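Asks: Okay, handing you the structure first.
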Amino acid sequence: MGFDFGDEERDSRLAAEPRRPSPKAFAAYTLRCSSLLLYAHVFKGAVGEALLALIASSQKYQASNKDIIAAYAKFYGLLLLSGYECFSDYVVDQILLGRDNSFARAVAQGQVQDGAPILQAVAYDLDTLQGLAISLETLADYVGEVAPTAGSYWVSAASATAVRRRSSGKQLPTAGAPPQPAVVIPASDGGPLAGTPAGSFVGRAASQEELASWRGVLAGHDAWSSAVPLLREYYSRHGFGITSRNSALRWSKGGFEEATEGGLAPNYVPGVTDAQGGASFLSATNPAALLAPPMAAAAGSMSSAVLSALRSPYDALAENTARHCAGLPAHHAVVCGPPGAGKSWLLWEGTLLAGKEAGLRIVEVPPSELPNILDIARGCARYPRVHFILVADHVDLPLKGQLAADLMSGLGSSGASGWPSNTLLYVGASASSTVSRSDPVVARCPLVVPLQGLQDEEAFLQAVEELLAAKQSSNSSSSSSSSGGSSSSSGVLSGELKEAALAWGKQQGLSVRSAAVFARSCM
């Protein structure tokens with residue numbers, strides 16, 4: 001691409017000489033970045049901007065050594081802080097992310113045809129980015145040349161980023177280097193390379209392991225422009241932007257942001273404070289209780305277990321979620337019940353459990369964003385091949401005023417001006433709500449899922465045991481297979497632990513929430 005950064009050895013004589021970066025090549029670096037047609041976003045993030053600032057600083061007339069070295073240190077720190085050990089990894093990752101990329105959006109929406117002229121622009125950008133994905137050794141050598149006060153010791157250290165010990169003789173990865181170890185792209189259920197029929201939907205978000213495979217295969221091409229079909233496959237299969245990386249999202253200030261998949265677990269099982277008398281009680285009955293991990297850590301391991309008390313409502317909501325993910329008619333839903341019955345778990349983790357593998361993206365709608373619910377739905381409409389479920393929890397029903405009017409209008413219509421067909425709304429009614437079919441908003445949510453909570457001590461003990469058994473199963477598959485899925489409270493929960501659970505339930509209330517808090521204290 002017209003660059004000579006000194007990364008490649010052209011003959012045996014040059015191979016024996018130290019690499020010398022070309023200042024002229026760096027002088028043209030910014031110009032080449034400006035020539036990008038579709039992937040300019042690669043250099044608009046903090047890491048890319050820091051690199052451009054470094055090069056701009058080095059090109060200034062009479063630039064100070066201090067300013068140049070400080071600019072490199074900022075770039076180096078941001079690269080590591082973002083989770084990358086080399087700049088080429090960052091470039092490849094941003095290519096796959098496709099944020100603010102019209103080509104990635106068009107592919108994800110199923111609009112790009114074979115032989116489309118835009119593919120030539122994509123190929124140009126990929127080859128240009130391959131030339132711009134310089135190694136840190138080359139960049140550090142260049143800085144050492146234009147800022148000689150840095151010294152050879154600094155130059156050597158400035159390219160050291162790996163957190164794991166490397167085998168002797170191995171070099172840091174450079175642009176175009178084949179990935180180590182070899183990686184394999186997971187088999188596709190569809191996509192432009194697999195004959196996906198028009199109108200099909202984007203699949204689930206890519207896992208970290210899958211992302212590593214995609215990055216390795218793309219970077220392993222001798223010429224990145226030959227990876228255009230690979231990019232089409234990725235965008236078609238996983239989507240683009242934040243939705244391609246996350247199954248759990250949150251709407252904030254007019255856009256999506258990343259949320260944890262157990263993000264609503266604290267609402268399901270809130271922390272217990274001394275003011276509630278909980279901490280002192282648990283400490284007295286179980287001295288190890290206060291050493292237990294936070295619920296945020298425990299929730300993920302317990303989220304795949306559906307309690308017997310929640311099985312019926314879970315099945316009803318899961319069937320509706322599955323129909324939605326399959327492109328079949330499905331309903332907006334209202335989940336209601338007494339405090340601590342498990343509404344938040346059912347809405348968030350239960351819905352993810354039912355739809356994540358089918359490509360569902362679940363979006364938390366905080367109470368402060370509820371008045372913008374129609375804007376959020378329109379935001380989902382920008383991803384027509386992705387299935388969304390908006391979750392608005394702790395909503396006081398019946399709704400009143402403009403919000404009620406907007407919801408009735410939005411949920412009552414479809415099409416360009418109405419509610420998008422790829423999006424459902426799941427509402428969690430607060431414990432103080434009055435849920436009635438005569439409510440115009442509830443009437444537009446045909447699926448009402450009531451939760452009864454735990455009716456007696458036996459049901460409470462069973463819930464505690466199921467939670468404990470789920471945790472044991474996640475820690476030891478052999479133990480879980482030998483203990484089975486017993487629903488009685490005589491296996492995992494017995495003796496003093498059973499008495500402590502009953503005492504806790506009587507003090508805090510016989511609810512799913514208090515059962516989960518107690519189970520956490522035993523972990």
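The way I read the labels, and the way they are meant: chains A, B, ... in the order of the structure tokens, residue 1 as the first residue of every chain, and ligand 1 as the first ligand shown, with later ones counted on from there.
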Considering only C-alpha atoms, tabulate each residue of range 40-100 of chain A that lies at most 10 Å from range 208-211 of chain A along with its nearest interatomic pair and the corresponding distance in Å to one decimal; arrange the rows by chain and ascending residue number and present them as a Markdown table.

Replies:
```
| residue | atom | partner | partner_atom | distance |
| --- | --- | --- | --- | --- |
| A:Asp93 | CA | A:Leu211 | CA | 8.3 |
| A:Leu96 | CA | A:Leu211 | CA | 8.6 |
| A:Leu97 | CA | A:Leu211 | CA | 9.9 |
```

Asks: Now that the selection is made, can you save its residues with N, CA, C and O atoms as a PDB file, in the first residue's frame?

Replies:
```pdb
ATOM      1  N   ASP A  93     -10.100  -6.025  15.409  1.00  0.00           N
ATOM      2  CA  ASP A  93     -11.287  -6.040  16.260  1.00  0.00           C
ATOM      3  C   ASP A  93     -12.253  -4.930  15.876  1.00  0.00           C
ATOM      4  O   ASP A  93     -13.477  -5.138  15.853  1.00  0.00           O
ATOM      5  N   LEU A  96     -14.184  -5.868  12.710  1.00  0.00           N
ATOM      6  CA  LEU A  96     -15.300  -6.773  12.985  1.00  0.00           C
ATOM      7  C   LEU A  96     -16.440  -6.069  13.705  1.00  0.00           C
ATOM      8  O   LEU A  96     -17.609  -6.352  13.451  1.00  0.00           O
ATOM      9  N   LEU A  97     -16.111  -5.154  14.599  1.00  0.00           N
ATOM     10  CA  LEU A  97     -17.153  -4.437  15.335  1.00  0.00           C
ATOM     11  C   LEU A  97     -18.049  -3.653  14.384  1.00  0.00           C
ATOM     12  O   LEU A  97     -19.277  -3.657  14.537  1.00  0.00           O
TER      13      LEU A  97
END
```

Asks: Which of these, A:Val427, A:Ala121, A:Leu352, A:Ala377, has the shortest distance to Val448 in chain A once you count only C-alpha atoms?

Replies: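 Of A:Val427, A:Ala121, A:Leu352, A:Ala377, the one nearest Val448 in chain A is A:Val427, counting only C-alpha atoms.
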
Asks: Which residues are near range 148-160 of chain A? Cut-off 6 Å, only C-alpha atoms, ignore same chain within fewer than 6 positions. Put them as a ChimeraX atom specification.

Replies: /A:136-137,140

Asks: Can you work out the spacing between CA of Tyr39 in chain A and CA of Ile68 in chain A in Å, to one decimal?

Replies: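 Computing the Euclidean distance for CA of Tyr39 in chain A and CA of Ile68 in chain A yields 26.6 Å.
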
Asks: Quick one: residues within 9 Å of Leu374 in chain A, only C-alpha atoms, excluding same-chain residues fewer than 6 positions away - as a PyMOL selection string?

Replies: chain A and resi 406-407+410+418-419

Asks: Determine the nearest neighbour of Asn372 in chain A from the options A:Pro398, A:Gly239, A:Gly254, A:Gly412, counting only C-alpha atoms.

Replies: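 Closest candidate: A:Gly254.
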
Asks: Here is a test: counting only C-alpha atoms, which residue of A:Thr30, A:Ala53, A:Lys471, A:Gly509 is nearest to Cys522 in chain A?

Replies: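 Looking only at the distances to Cys522 in chain A, the closest residue turns out to be A:Lys471.
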
Asks: For Val92 in chain A, which residue among A:Leu31, A:Leu468, A:Leu132, A:Val363 is the nearest when counting only C-alpha atoms?

Replies: A:Leu132

Asks: Would you kindly return, as a list in words, each protein, DNA or RNA residue with an atom no farther than 12 Å from any atom of range 82-84 of chain A, considering only C-alpha atoms and excluding same-chain residues fewer than 6 positions away?

Replies: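 The residues satisfying every condition are Gly45, Ala46, Val47, Gly48, Phe75, Tyr76, Tyr90, Val91, Val92, Asp93, Gln94, Leu136, Ala160, Thr161, Ala162, Val163, Pro173 and Ala212 of chain A.
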
Asks: Write out the residues from the selection above, keeping N, CA and C atoms, as a CSV table (one decimal), in the first residue's frame.

Replies:
```csv
chain,number,residue,atom,x,y,z
A,45,GLY,N,-11.8,5.9,17.6
A,45,GLY,CA,-11.8,5.6,19.0
A,45,GLY,C,-10.6,6.1,19.8
A,46,ALA,N,-10.6,5.9,21.1
A,46,ALA,CA,-9.5,6.5,21.9
A,46,ALA,C,-8.1,6.0,21.5
A,47,VAL,N,-8.0,4.7,21.2
A,47,VAL,CA,-6.7,4.2,20.8
A,47,VAL,C,-6.2,4.7,19.4
A,48,GLY,N,-7.1,4.7,18.4
A,48,GLY,CA,-6.8,5.2,17.1
A,48,GLY,C,-6.4,6.7,17.2
A,75,PHE,N,-0.7,6.5,24.1
A,75,PHE,CA,-1.2,5.5,23.1
A,75,PHE,C,-1.0,4.1,23.7
A,76,TYR,N,0.2,3.8,24.2
A,76,TYR,CA,0.6,2.5,24.8
A,76,TYR,C,-0.4,2.2,25.9
A,90,TYR,N,-6.1,-4.6,17.7
A,90,TYR,CA,-7.1,-3.6,17.8
A,90,TYR,C,-7.7,-3.3,16.5
A,91,VAL,N,-6.9,-3.1,15.4
A,91,VAL,CA,-7.5,-2.8,14.1
A,91,VAL,C,-8.5,-3.9,13.6
A,92,VAL,N,-8.1,-5.1,13.7
A,92,VAL,CA,-8.9,-6.2,13.3
A,92,VAL,C,-10.2,-6.3,14.1
A,93,ASP,N,-10.1,-6.0,15.4
A,93,ASP,CA,-11.3,-6.0,16.3
A,93,ASP,C,-12.3,-4.9,15.9
A,94,GLN,N,-11.7,-3.8,15.6
A,94,GLN,CA,-12.6,-2.6,15.2
A,94,GLN,C,-13.2,-2.9,13.8
A,136,LEU,N,4.3,-2.6,17.3
A,136,LEU,CA,4.8,-1.7,18.3
A,136,LEU,C,6.3,-1.5,18.2
A,160,ALA,N,7.0,-3.8,24.7
A,160,ALA,CA,6.7,-5.0,25.5
A,160,ALA,C,5.3,-4.8,26.1
A,161,THR,N,4.4,-5.6,25.7
A,161,THR,CA,3.0,-5.5,26.2
A,161,THR,C,2.4,-6.8,26.7
A,162,ALA,N,3.0,-8.0,26.3
A,162,ALA,CA,2.4,-9.3,26.6
A,162,ALA,C,2.4,-9.5,28.1
A,163,VAL,N,1.3,-10.0,28.7
A,163,VAL,CA,1.2,-10.3,30.1
A,163,VAL,C,1.6,-11.8,30.4
A,173,PRO,N,3.3,-10.4,17.5
A,173,PRO,CA,2.6,-10.5,16.2
A,173,PRO,C,2.6,-9.1,15.5
A,212,ALA,N,-12.2,-14.3,19.0
A,212,ALA,CA,-10.8,-14.6,18.8
A,212,ALA,C,-10.6,-15.4,17.5
```

Asks: Using only C-alpha atoms, find the one residue out of A:His387, A:Arg204, A:His41, A:Arg99 that sits nearest to Asp125 in chain A.

Replies: A:His41

Asks: So which residues of range 35-256 of chain A fall under strand (DSSP E) by DSSP, listed as a ChimeraX atom specification?

Replies: /A:248-252,255-256

Asks: Print the selection's residues with N, CA and C atoms to a file, as an mmCIF file, in the first residue's frame.

Replies:
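As a result, selection.cif now contains:
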```
data_model
loop_
_atom_site.group_PDB
_atom_site.id
_atom_site.type_symbol
_atom_site.label_atom_id
_atom_site.label_comp_id
_atom_site.auth_asym_id
_atom_site.auth_seq_id
_atom_site.Cartn_x
_atom_site.Cartn_y
_atom_site.Cartn_z
ATOM 1 N N ALA A 248 -27.166 -8.703 26.166
ATOM 2 C CA ALA A 248 -27.824 -7.878 27.169
ATOM 3 C C ALA A 248 -27.402 -6.429 26.981
ATOM 4 N N LEU A 249 -28.383 -5.557 26.776
ATOM 5 C CA LEU A 249 -28.123 -4.150 26.522
ATOM 6 C C LEU A 249 -28.930 -3.292 27.488
ATOM 7 N N ARG A 250 -28.556 -2.041 27.562
ATOM 8 C CA ARG A 250 -29.302 -1.061 28.366
ATOM 9 C C ARG A 250 -29.456 0.205 27.538
ATOM 10 N N TRP A 251 -30.639 0.809 27.603
ATOM 11 C CA TRP A 251 -30.846 2.064 26.883
ATOM 12 C C TRP A 251 -30.513 3.220 27.816
ATOM 13 N N SER A 252 -29.640 4.098 27.333
ATOM 14 C CA SER A 252 -29.236 5.240 28.159
ATOM 15 C C SER A 252 -28.896 6.420 27.272
ATOM 16 N N GLY A 255 -29.219 5.923 23.364
ATOM 17 C CA GLY A 255 -28.538 4.852 22.644
ATOM 18 C C GLY A 255 -28.337 3.630 23.506
ATOM 19 N N PHE A 256 -27.873 2.551 22.862
ATOM 20 C CA PHE A 256 -27.598 1.311 23.573
ATOM 21 C C PHE A 256 -26.247 1.390 24.267
#
```
